[in-house]
$ cat my_file.cif   # mmCIF, C-alpha atoms (C1' of nucleotides)
data_query
loop_
_atom_site.label_atom_id
_atom_site.label_comp_id
_atom_site.auth_asym_id
_atom_site.auth_seq_id
_atom_site.Cartn_x
_atom_site.Cartn_y
_atom_site.Cartn_z
CA MET W 242 -196.84 -15.89 34.50
CA THR W 243 -199.50 -13.36 33.58
CA SER W 244 -198.86 -11.93 30.12
CA THR W 245 -198.17 -8.28 29.42
CA LEU W 246 -201.69 -7.96 28.05
CA GLY W 247 -202.97 -9.11 31.42
CA PHE W 248 -201.12 -6.29 33.14
CA ALA W 249 -202.36 -3.82 30.54
CA ILE W 250 -205.89 -4.82 31.50
CA LEU W 251 -205.07 -4.57 35.20
CA ALA W 252 -203.62 -1.10 34.58
CA VAL W 253 -206.89 0.00 33.01
CA LEU W 254 -209.02 -1.58 35.75
CA ALA W 255 -206.83 0.05 38.40
CA ARG W 256 -208.39 3.35 37.32
CA GLY W 257 -211.92 2.08 37.92
CA GLU W 258 -214.25 -0.82 37.20
CA ARG W 259 -215.03 -1.54 33.56
CA THR W 260 -216.81 -4.05 31.36
CA GLY W 261 -214.78 -6.05 28.85
CA TYR W 262 -216.38 -3.93 26.18
CA ASP W 263 -215.14 -0.74 27.85
CA ILE W 264 -211.59 -2.09 28.06
CA ALA W 265 -211.71 -3.18 24.43
CA ALA W 266 -213.00 0.26 23.40
CA ALA W 267 -210.11 1.90 25.29
CA MET W 268 -207.50 -0.42 23.80
CA ARG W 269 -208.72 -0.26 20.25
CA ARG W 270 -206.76 2.93 19.83
CA PRO W 271 -203.52 2.56 21.76
CA ILE W 272 -203.79 2.96 25.50
CA ALA W 273 -200.82 4.93 26.84
CA TYR W 274 -200.01 5.56 23.14
CA PHE W 275 -198.18 2.24 22.90
CA TRP W 276 -200.49 -0.68 23.59
CA THR W 277 -203.44 -2.06 21.63
CA ALA W 278 -205.61 -5.18 21.80
CA GLY W 279 -208.71 -6.50 20.10
CA HIS W 280 -211.88 -7.38 21.99
CA SER W 281 -211.52 -11.11 21.39
CA GLN W 282 -208.09 -11.04 22.99
CA ILE W 283 -209.39 -9.09 25.97
CA HIS W 284 -212.33 -11.35 26.77
CA ALA W 285 -210.03 -14.37 26.66
CA GLU W 286 -207.44 -12.67 28.88
CA LEU W 287 -210.11 -11.59 31.38
CA GLN W 288 -211.01 -15.24 31.82
CA LYS W 289 -207.39 -16.06 32.61
CA LEU W 290 -207.13 -13.16 35.06
CA LEU W 291 -210.34 -14.38 36.65
CA ALA W 292 -208.94 -17.91 37.02
CA ALA W 293 -205.82 -16.42 38.64
CA GLU W 294 -208.10 -14.34 40.90
CA LEU W 295 -206.42 -11.09 39.90
CA VAL W 296 -209.78 -9.66 38.87
CA GLY W 297 -213.37 -10.28 39.87
CA TYR W 298 -216.66 -9.25 38.32
CA GLU W 299 -220.19 -8.34 39.15
CA ALA W 300 -222.89 -9.53 36.75
CA ARG W 301 -225.37 -6.83 35.89
CA GLN W 302 -228.32 -6.66 33.56
CA GLY W 303 -227.54 -5.01 30.29
CA PRO W 304 -227.56 -5.43 26.56
CA GLY W 305 -226.39 -8.59 24.83
CA PRO W 306 -227.37 -12.23 25.21
CA GLN W 307 -225.44 -12.71 28.47
CA GLY W 308 -225.98 -9.39 30.17
CA LYS W 309 -222.81 -7.56 31.21
CA LYS W 310 -219.96 -8.16 33.61
CA VAL W 311 -218.35 -5.27 35.43
CA TYR W 312 -214.76 -6.20 36.27
CA HIS W 313 -212.60 -4.88 39.09
CA VAL W 314 -209.07 -5.54 40.38
CA THR W 315 -208.78 -7.79 43.45
CA PRO W 316 -206.26 -7.05 46.21
CA GLU W 317 -204.03 -9.82 44.78
CA GLY W 318 -204.36 -8.23 41.35
CA SER W 319 -203.34 -4.88 42.72
CA LEU W 320 -200.27 -6.41 44.37
CA ALA W 321 -199.30 -8.24 41.19
CA LEU W 322 -199.66 -5.05 39.15
CA ARG W 323 -197.58 -3.01 41.59
CA ALA W 324 -194.83 -5.65 41.53
CA TRP W 325 -194.85 -5.85 37.73
CA VAL W 326 -194.57 -2.09 37.25
CA THR W 327 -191.06 -1.84 38.69
CA GLU W 328 -189.72 -5.07 37.20
CA PRO W 329 -187.30 -4.36 34.34
CA PRO W 330 -189.23 -4.52 31.06
CA ARG W 331 -188.42 -7.55 28.96
CA GLU W 332 -187.43 -5.99 25.68
CA ARG W 333 -189.45 -7.23 22.79
CA PRO W 334 -187.55 -6.79 19.54
CA GLU W 335 -188.35 -3.68 17.57
CA ARG W 336 -189.89 -4.38 14.19
CA ASP W 337 -190.46 -1.46 11.88
CA GLU W 338 -191.51 -2.04 8.31
CA LEU W 339 -190.74 1.49 7.15
CA VAL W 340 -187.13 1.29 8.29
CA LEU W 341 -186.84 -2.10 6.60
CA LYS W 342 -188.12 -0.58 3.37
CA THR W 343 -185.60 2.20 3.83
CA TYR W 344 -182.86 -0.40 4.17
CA ALA W 345 -183.81 -1.69 0.72
CA SER W 346 -184.63 1.75 -0.71
CA TRP W 347 -181.43 1.95 -2.76
CA LEU W 348 -183.09 -0.46 -5.22
CA ALA W 349 -186.21 1.60 -5.84
CA ASP W 350 -187.39 4.73 -7.60
CA PRO W 351 -186.38 7.69 -5.40
CA ASP W 352 -189.45 9.61 -6.50
CA LEU W 353 -191.80 6.95 -5.12
CA ILE W 354 -189.82 6.73 -1.90
CA ARG W 355 -190.03 10.47 -1.43
CA GLN W 356 -193.79 10.20 -1.86
CA MET W 357 -193.96 7.43 0.74
CA PHE W 358 -192.08 9.56 3.24
CA THR W 359 -194.20 12.60 2.48
CA ASP W 360 -197.32 10.56 3.31
CA GLN W 361 -195.69 9.19 6.43
CA LEU W 362 -194.68 12.67 7.56
CA ALA W 363 -198.30 13.81 7.30
CA VAL W 364 -199.37 10.94 9.56
CA HIS W 365 -196.82 11.85 12.21
CA GLU W 366 -197.59 15.55 12.05
CA ALA W 367 -201.29 14.83 12.49
CA ARG W 368 -200.61 12.63 15.51
CA LEU W 369 -198.27 15.24 16.93
CA ALA W 370 -200.96 17.91 16.67
CA GLU W 371 -203.45 15.56 18.34
CA TYR W 372 -201.04 14.77 21.19
CA GLU W 373 -200.33 18.46 21.70
CA ARG W 374 -204.04 19.12 22.06
CA GLU W 375 -204.27 16.31 24.60
CA GLY W 376 -201.37 17.81 26.48
CA GLU W 377 -203.15 21.12 26.74
CA LEU W 378 -206.20 19.35 28.16
CA ILE W 379 -204.14 17.82 30.96
CA GLY W 380 -202.62 21.19 31.77
CA GLU W 381 -199.96 21.22 34.41
CA PRO W 382 -198.14 18.00 35.42
CA PRO W 383 -200.20 15.91 37.86
CA GLY W 384 -198.47 14.60 40.97
CA PHE W 385 -197.65 10.98 41.91
CA GLY W 386 -200.50 8.93 43.19
CA ASP W 387 -202.65 10.66 40.62
CA PRO W 388 -203.48 8.24 37.78
CA ARG W 389 -203.18 11.15 35.39
CA PHE W 390 -199.44 11.17 36.06
CA GLY W 391 -199.34 7.92 34.07
CA ASN W 392 -201.20 9.48 31.17
CA TYR W 393 -199.02 12.54 31.26
CA ALA W 394 -195.73 10.63 31.30
CA ALA W 395 -196.88 8.31 28.51
CA LEU W 396 -198.00 11.32 26.47
CA ARG W 397 -194.53 12.79 26.86
CA CYS W 398 -193.10 9.64 25.30
CA GLY W 399 -195.62 9.76 22.48
CA LEU W 400 -194.77 13.39 21.74
CA GLY W 401 -191.06 12.65 21.65
CA TYR W 402 -191.59 9.64 19.43
CA GLU W 403 -193.71 11.51 16.89
CA ARG W 404 -191.25 14.39 16.81
CA HIS W 405 -188.36 12.02 16.20
CA ARG W 406 -190.28 10.26 13.46
CA ALA W 407 -191.37 13.46 11.74
CA GLU W 408 -187.81 14.74 11.86
CA TRP W 409 -186.46 11.56 10.29
CA CYS W 410 -189.08 11.72 7.54
CA ARG W 411 -188.13 15.33 6.82
CA TRP W 412 -184.46 14.38 6.69
CA MET W 413 -185.20 11.55 4.25
CA ILE W 414 -187.25 13.85 2.05
CA SER W 415 -184.46 16.42 2.02
CA GLN W 416 -181.92 13.75 1.12
CA LEU W 417 -184.08 12.51 -1.72
CA SER W 418 -184.79 16.00 -3.01
CA ALA W 419 -181.15 17.02 -2.92
CA ARG W 420 -180.11 13.95 -4.89
CA LEU W 421 -182.93 14.18 -7.40
CA ASN W 422 -182.31 17.84 -8.16
CA PRO W 423 -178.61 18.57 -8.02
CA SER W 424 -179.55 21.83 -9.82
CA TRP W 425 -181.38 22.89 -6.65
CA GLU W 426 -178.08 23.66 -4.93
CA LEU W 427 -176.81 25.65 -7.91
CA ALA W 428 -180.07 27.58 -8.32
CA LYS W 429 -179.64 29.06 -4.87
CA PRO W 430 -176.75 31.51 -4.90
CA SER W 431 -176.90 32.14 -1.14
CA GLU W 432 -175.28 28.86 -0.09
CA SER W 433 -171.51 28.56 0.18
CA MET E 183 -198.73 -12.52 -0.23
CA THR E 184 -195.11 -12.82 0.87
CA SER E 185 -194.73 -11.80 4.50
CA THR E 186 -192.63 -8.88 5.71
CA LEU E 187 -190.04 -11.37 6.93
CA GLY E 188 -189.79 -12.66 3.38
CA PHE E 189 -188.96 -9.19 2.14
CA ALA E 190 -186.47 -8.70 4.96
CA ILE E 191 -184.67 -11.80 3.72
CA LEU E 192 -184.84 -10.59 0.12
CA ALA E 193 -183.41 -7.24 1.24
CA VAL E 194 -180.43 -9.03 2.75
CA LEU E 195 -179.93 -11.32 -0.25
CA ALA E 196 -180.13 -8.30 -2.58
CA ARG E 197 -176.76 -7.29 -1.15
CA GLY E 198 -175.17 -10.61 -2.06
CA GLU E 199 -175.65 -14.37 -1.85
CA ARG E 200 -175.84 -15.87 1.64
CA THR E 201 -176.54 -19.14 3.41
CA GLY E 202 -179.54 -19.35 5.72
CA TYR E 203 -177.06 -19.40 8.55
CA ASP E 204 -175.52 -16.11 7.38
CA ILE E 205 -178.95 -14.46 7.18
CA ALA E 206 -179.85 -15.74 10.64
CA ALA E 207 -176.56 -14.45 12.03
CA ALA E 208 -177.28 -11.02 10.52
CA MET E 209 -180.85 -10.90 11.82
CA ARG E 210 -180.07 -12.10 15.29
CA ARG E 211 -179.15 -8.56 16.20
CA PRO E 212 -181.58 -6.26 14.42
CA ILE E 213 -180.90 -5.70 10.75
CA ALA E 214 -181.46 -2.06 9.79
CA TYR E 215 -181.76 -1.50 13.58
CA PHE E 216 -185.44 -2.49 13.49
CA TRP E 217 -185.89 -6.07 12.32
CA THR E 218 -184.96 -9.37 13.95
CA ALA E 219 -185.68 -13.05 13.28
CA GLY E 220 -184.56 -16.39 14.64
CA HIS E 221 -182.90 -19.03 12.52
CA SER E 222 -185.87 -21.40 12.62
CA GLN E 223 -188.09 -18.66 11.22
CA ILE E 224 -185.60 -17.93 8.46
CA HIS E 225 -185.14 -21.49 7.24
CA ALA E 226 -188.91 -21.90 7.06
CA GLU E 227 -189.37 -18.62 5.21
CA LEU E 228 -186.60 -19.48 2.75
CA GLN E 229 -188.56 -22.58 1.79
CA LYS E 230 -191.62 -20.44 1.09
CA LEU E 231 -189.57 -17.97 -0.96
CA LEU E 232 -188.12 -20.92 -2.83
CA ALA E 233 -191.59 -22.29 -3.59
CA ALA E 234 -192.62 -18.83 -4.84
CA GLU E 235 -189.41 -18.77 -6.93
CA LEU E 236 -188.30 -15.45 -5.44
CA VAL E 237 -185.01 -17.01 -4.40
CA GLY E 238 -182.91 -19.89 -5.65
CA TYR E 239 -179.97 -21.73 -4.14
CA GLU E 240 -176.83 -23.54 -5.02
CA ALA E 241 -175.92 -26.58 -2.94
CA ARG E 242 -172.30 -26.62 -1.89
CA GLN E 243 -170.26 -28.92 0.27
CA GLY E 244 -169.82 -27.65 3.77
CA PRO E 245 -170.30 -28.45 7.43
CA GLY E 246 -173.50 -29.95 8.75
CA PRO E 247 -175.43 -33.10 7.88
CA GLN E 248 -176.94 -31.61 4.70
CA GLY E 249 -174.04 -29.50 3.43
CA LYS E 250 -174.88 -25.87 2.79
CA LYS E 251 -177.17 -23.93 0.47
CA VAL E 252 -176.09 -20.57 -0.87
CA TYR E 253 -179.20 -18.54 -1.64
CA HIS E 254 -179.61 -15.73 -4.16
CA VAL E 255 -182.47 -13.50 -5.33
CA THR E 256 -184.10 -14.47 -8.64
CA PRO E 257 -185.15 -11.79 -11.17
CA GLU E 258 -188.78 -12.27 -9.99
CA GLY E 259 -187.61 -11.83 -6.40
CA SER E 260 -185.84 -8.62 -7.29
CA LEU E 261 -188.97 -7.27 -8.98
CA ALA E 262 -191.15 -8.23 -6.01
CA LEU E 263 -188.73 -6.56 -3.58
CA ARG E 264 -188.57 -3.37 -5.64
CA ALA E 265 -192.39 -3.21 -5.78
CA TRP E 266 -192.72 -3.83 -2.04
CA VAL E 267 -190.26 -1.10 -1.07
CA THR E 268 -192.44 1.75 -2.30
CA GLU E 269 -195.78 0.32 -1.15
CA PRO E 270 -197.11 2.19 1.89
CA PRO E 271 -196.04 0.29 5.03
CA ARG E 272 -198.90 -1.47 6.76
CA GLU E 273 -198.67 -0.08 10.26
CA ARG E 274 -198.29 -2.73 12.87
CA PRO E 275 -199.49 -1.45 16.24
CA GLU E 276 -196.79 -0.14 18.55
CA ARG E 277 -196.38 -2.14 21.72
CA ASP E 278 -194.03 -0.86 24.36
CA GLU E 279 -193.89 -2.45 27.76
CA LEU E 280 -191.95 0.38 29.40
CA VAL E 281 -194.55 2.96 28.44
CA LEU E 282 -197.27 0.64 29.70
CA LYS E 283 -195.45 0.38 33.02
CA THR E 284 -195.18 4.14 33.05
CA TYR E 285 -198.93 4.36 32.55
CA ALA E 286 -199.38 2.36 35.75
CA SER E 287 -196.41 3.96 37.54
CA TRP E 288 -198.61 6.12 39.78
CA LEU E 289 -199.30 2.98 41.83
CA ALA E 290 -195.69 2.07 42.53
CA ASP E 291 -192.72 3.15 44.61
CA PRO E 292 -191.18 6.18 42.85
CA ASP E 293 -187.74 5.15 44.02
CA LEU E 294 -187.93 1.84 42.18
CA ILE E 295 -189.30 3.50 39.08
CA ARG E 296 -186.46 5.97 39.07
CA GLN E 297 -184.05 3.04 39.25
CA MET E 298 -185.79 1.35 36.32
CA PHE E 299 -185.44 4.47 34.21
CA THR E 300 -181.82 4.93 35.23
CA ASP E 301 -181.08 1.42 33.98
CA GLN E 302 -183.03 2.03 30.81
CA LEU E 303 -181.17 5.28 30.18
CA ALA E 304 -177.86 3.44 30.39
CA VAL E 305 -179.05 0.99 27.73
CA HIS E 306 -180.02 3.77 25.35
CA GLU E 307 -176.84 5.72 25.93
CA ALA E 308 -174.77 2.63 25.20
CA ARG E 309 -176.66 1.97 21.98
CA LEU E 310 -176.35 5.63 21.02
CA ALA E 311 -172.57 5.50 21.47
CA GLU E 312 -172.45 2.31 19.38
CA TYR E 313 -174.53 3.85 16.59
CA GLU E 314 -172.37 6.95 16.58
CA ARG E 315 -169.30 4.79 16.12
CA GLU E 316 -171.02 3.01 13.24
CA GLY E 317 -171.87 6.37 11.71
CA GLU E 318 -168.23 7.39 11.77
CA LEU E 319 -167.30 4.17 9.98
CA ILE E 320 -169.70 4.94 7.12
CA GLY E 321 -168.27 8.43 6.80
CA GLU E 322 -169.98 10.71 4.34
CA PRO E 323 -173.50 9.92 3.04
CA PRO E 324 -173.43 7.30 0.27
CA GLY E 325 -175.45 8.01 -2.89
CA PHE E 326 -178.52 6.20 -4.20
CA GLY E 327 -177.94 2.93 -5.91
CA ASP E 328 -175.34 2.25 -3.24
CA PRO E 329 -176.63 -0.35 -0.77
CA ARG E 330 -174.91 1.59 1.96
CA PHE E 331 -177.44 4.35 1.52
CA GLY E 332 -179.95 1.94 3.08
CA ASN E 333 -177.68 1.33 6.05
CA TYR E 334 -177.00 5.01 6.47
CA ALA E 335 -180.67 6.05 6.35
CA ALA E 336 -181.68 3.29 8.78
CA LEU E 337 -178.86 4.31 11.11
CA ARG E 338 -180.19 7.85 11.09
CA CYS E 339 -183.53 6.51 12.31
CA GLY E 340 -181.84 4.46 14.99
CA LEU E 341 -179.87 7.46 16.20
CA GLY E 342 -182.98 9.61 16.40
CA TYR E 343 -184.87 6.89 18.22
CA GLU E 344 -182.20 6.33 20.84
CA ARG E 345 -181.85 10.07 21.41
CA HIS E 346 -185.58 10.43 21.88
CA ARG E 347 -185.66 7.50 24.27
CA ALA E 348 -182.70 8.72 26.31
CA GLU E 349 -184.24 12.17 26.54
CA TRP E 350 -187.54 10.77 27.76
CA CYS E 351 -185.76 8.65 30.38
CA ARG E 352 -183.88 11.72 31.59
CA TRP E 353 -187.11 13.67 31.80
CA MET E 354 -188.76 10.89 33.82
CA ILE E 355 -185.79 10.73 36.19
CA SER E 356 -185.90 14.49 36.68
CA GLN E 357 -189.64 14.37 37.38
CA LEU E 358 -189.15 11.61 39.91
CA SER E 359 -186.22 13.33 41.61
CA ALA E 360 -188.03 16.64 41.84
CA ARG E 361 -191.03 15.03 43.47
CA LEU E 362 -189.05 12.85 45.82
CA ASN E 363 -186.90 15.68 47.09
CA PRO E 364 -188.95 18.86 47.31
CA SER E 365 -186.07 20.18 49.45
CA TRP E 366 -183.84 19.98 46.37
CA GLU E 367 -185.49 23.08 44.96
CA LEU E 368 -185.07 24.96 48.26
CA ALA E 369 -181.45 23.86 48.73
CA LYS E 370 -180.47 25.59 45.52
CA PRO E 371 -180.71 29.34 46.05
CA SER E 372 -179.96 30.16 42.40
CA GLU E 373 -183.41 29.19 41.07
CA SER E 374 -186.22 31.78 40.96
"C1'" DA K 164 -160.56 -35.60 23.14
"C1'" DA K 165 -163.44 -31.83 23.87
"C1'" DT K 166 -165.44 -27.72 22.50
"C1'" DC K 167 -166.81 -24.16 19.38
"C1'" DT K 168 -168.57 -22.59 15.07
"C1'" DC K 169 -171.00 -23.64 10.92
"C1'" DA K 170 -175.06 -25.59 9.08
"C1'" DT K 171 -180.02 -27.14 8.48
"C1'" DG K 172 -184.10 -28.41 9.87
"C1'" DT K 173 -188.86 -29.84 12.94
"C1'" DA K 174 -192.28 -29.27 16.68
"C1'" DA K 175 -194.79 -27.19 20.40
"C1'" DG K 176 -196.62 -23.27 22.26
"C1'" DC K 177 -197.81 -18.41 22.85
"C1'" DT K 178 -199.48 -13.91 21.00
"C1'" DG K 179 -202.18 -11.46 18.10
"C1'" DT K 180 -205.49 -10.76 13.99
"C1'" DT K 181 -209.60 -11.62 11.47
"C1'" DA K 182 -213.75 -13.69 10.91
"C1'" DC K 183 -217.77 -15.91 12.76
"C1'" DA K 184 -221.81 -15.88 15.88
"C1'" DT K 185 -225.44 -14.04 18.88
"C1'" DG K 186 -228.60 -10.83 20.74
"C1'" DA K 187 -230.38 -6.82 23.87
"C1'" DT K 188 -230.84 -1.70 24.24
"C1'" DT K 189 -230.90 2.78 22.47
"C1'" DT K 190 -231.44 6.23 18.94
"C1'" DA K 191 -233.06 8.10 14.55
"C1'" DT G 288 -238.85 -0.28 12.22
"C1'" DA G 289 -234.23 0.13 10.88
"C1'" DA G 290 -229.72 1.01 12.25
"C1'" DA G 291 -226.17 1.94 15.50
"C1'" DT G 292 -224.24 0.88 19.82
"C1'" DC G 293 -223.50 -2.14 23.68
"C1'" DA G 294 -222.17 -6.61 25.01
"C1'" DT G 295 -219.86 -11.36 25.12
"C1'" DG G 296 -217.94 -14.96 23.35
"C1'" DT G 297 -215.51 -18.94 19.79
"C1'" DA G 298 -212.58 -20.49 15.91
"C1'" DA G 299 -209.14 -20.36 12.41
"C1'" DC G 300 -205.05 -18.65 11.14
"C1'" DA G 301 -200.56 -16.07 10.92
"C1'" DG G 302 -196.29 -14.67 13.15
"C1'" DC G 303 -192.82 -15.38 16.46
"C1'" DT G 304 -190.22 -17.81 20.32
"C1'" DT G 305 -188.22 -21.68 22.43
"C1'" DA G 306 -186.83 -26.13 22.54
"C1'" DC G 307 -185.54 -30.28 20.22
"C1'" DA G 308 -182.56 -32.75 16.89
"C1'" DT G 309 -178.53 -33.77 14.02
"C1'" DG G 310 -173.90 -33.61 12.50
"C1'" DA G 311 -169.53 -31.87 9.86
"C1'" DG G 312 -165.34 -29.01 10.21
"C1'" DA G 313 -162.14 -26.18 12.79
"C1'" DT G 314 -159.88 -24.99 16.93
"C1'" DT G 315 -157.84 -25.77 21.54
#
$ encode --input "my_file.cif" --output "structure tokens"
Amino acid sequence: MTSTLGFAILAVLARGERTGYDIAAAMRRPIAYFWTAGHSQIHAELQKLLAAELVGYEARQGPGPQGKKVYHVTPEGSLALRAWVTEPPRERPERDELVLKTYASWLADPDLIRQMFTDQLAVHEARLAEYEREGELIGEPPGFGDPRFGNYAALRCGLGYERHRAEWCRWMISQLSARLNPSWELAKPSES
Amino acid sequence: MTSTLGFAILAVLARGERTGYDIAAAMRRPIAYFWTAGHSQIHAELQKLLAAELVGYEARQGPGPQGKKVYHVTPEGSLALRAWVTEPPRERPERDELVLKTYASWLADPDLIRQMFTDQLAVHEARLAEYEREGELIGEPPGFGDPRFGNYAALRCGLGYERHRAEWCRWMISQLSARLNPSWELAKPSES
DNA sequence: AATCTCATGTAAGCTGTTACATGATTTA
DNA sequence: TAAATCATGTAACAGCTTACATGAGATT
């Protein structure tokens, strides 16, 4: 009934009360490395969660025309979240534009494709470095019951994903270089 | 202007003329491992591509109330596709329900989570085995200009992705087992 | 005769993005 | 006093899913 976004919000609120603005700020860059949402989406969803009584709020004075609302998870919300967590994830179809481009890459200029993958590799290497820094901040694996276990486990997935991506980019670049410069192989006398 | 789906369709048609039904059949299970679409979406998009003169069709007699339409890429369509391929991919935000669940997993019963990851691991291992079989069918790397290069490169991405996923699942399961059974470590006298 | 596959389309609804709209509080 | 940040919402649109609708040809 409640959408995945609703549970994403509950997952954030389960770590402590927040305003809609706070949640939106957290989800602007992906929460758990793999979920984003805009503020307009979040305010709308909070109203649905409120109607379903999975969250409540306390009005406080603050900036803005309407003051601010500090949201928290209700006992029902906590139950719903707990139940959702262990339900098998409904798989939403993967859609990846870069792989689609790759599928059609045989039509295009290999030089331009190599450039595209070089750029892409830089993105993944930068993210990888960032994730590794975040990993060092967490330090040793937190235990269950500790919210930071969630962060840590999600980070692990992010690290693996970026490594896989970077590796694929490097493979593509090597393929493209090898084909573009067949002389490269001959210029190196060390290879069999 | 044309949507990504439009280019996905062009990428399929670039390999040979197809009916809308054929394209839908191909995209029901992900094309290039990372793009899906339903038939209703495809018929609608084909009409847009037709209006933009990126594809054309030949009406032929066949089953169904309206006969069948065999689509092909026009020269303009081919140019548009070629140009799109090397444009930097606009990154659509990653959304992954399993990682989101993981982020909230500290709230739930570790036993149930371990089960969820065991199931998930089986899915990835099955896909991995399937992809490996497909890789053997392709044989040695096709060269540029060969449409099969696209398939091969996309398959490489799929393989890497499934391996990364399977590895992460295994890591999660090991984390959960270690925490659930602290006696496990003590029962094995070989470890330091 | 019934069922499956081939074949094309429309409509309703949900999710997500972008733009519009307002205004108080804090900082430079 | 000007700008950035905090704060909440609405509206229009694009993309995708699900259900509805029809019917010919091939197979069982």
$ interface_residues --input "my_file.cif" --of "chain E" --to "chain K" --cutoff "7 Å" --atoms "all atoms listed in the file" --output "PDB file with C-alpha atoms, in the frame of the given file"
ATOM      1  CA  TYR E 203    -177.060 -19.400   8.550  1.00  0.00           C
ATOM      2  CA  PRO E 245    -170.300 -28.450   7.430  1.00  0.00           C
ATOM      3  CA  GLY E 246    -173.500 -29.950   8.750  1.00  0.00           C
ATOM      4  CA  GLN E 248    -176.940 -31.610   4.700  1.00  0.00           C
ATOM      5  CA  GLY E 249    -174.040 -29.500   3.430  1.00  0.00           C
ATOM      6  CA  LYS E 250    -174.880 -25.870   2.790  1.00  0.00           C
TER       7      LYS E 250
END
$ resolve_selection --input "my_file.cif" --expression "the PyMOL selection byres ((chain G) within 10 of (chain W))" --output "ChimeraX atom specification"
/G:292-297
$ interface_residues --input "my_file.cif" --of "chain W" --to "chain E" --cutoff "6 Å" --atoms "only C-alpha atoms" --output "PyMOL selection string"
chain W and resi 252+275-276+323+326-327+330+335-337+339-340+342-345+347+349+353-354+385-386+388+391-392+395+401+405
$ atom_distance --input "my_file.cif" --atom1 "atom CA of Gly198 of chain E" --atom2 "atom CA of Met183 of chain E"
23.7 Å
$ atom_distance --input "my_file.cif" --atom1 "atom CA of Arg374 of chain W" --atom2 "atom CA of Ser415 of chain W"
28.1 Å
$ atom_distance --input "my_file.cif" --atom1 "atom CA of Gly238 of chain E" --atom2 "atom C1' of DT304 of chain G"
27.1 Å
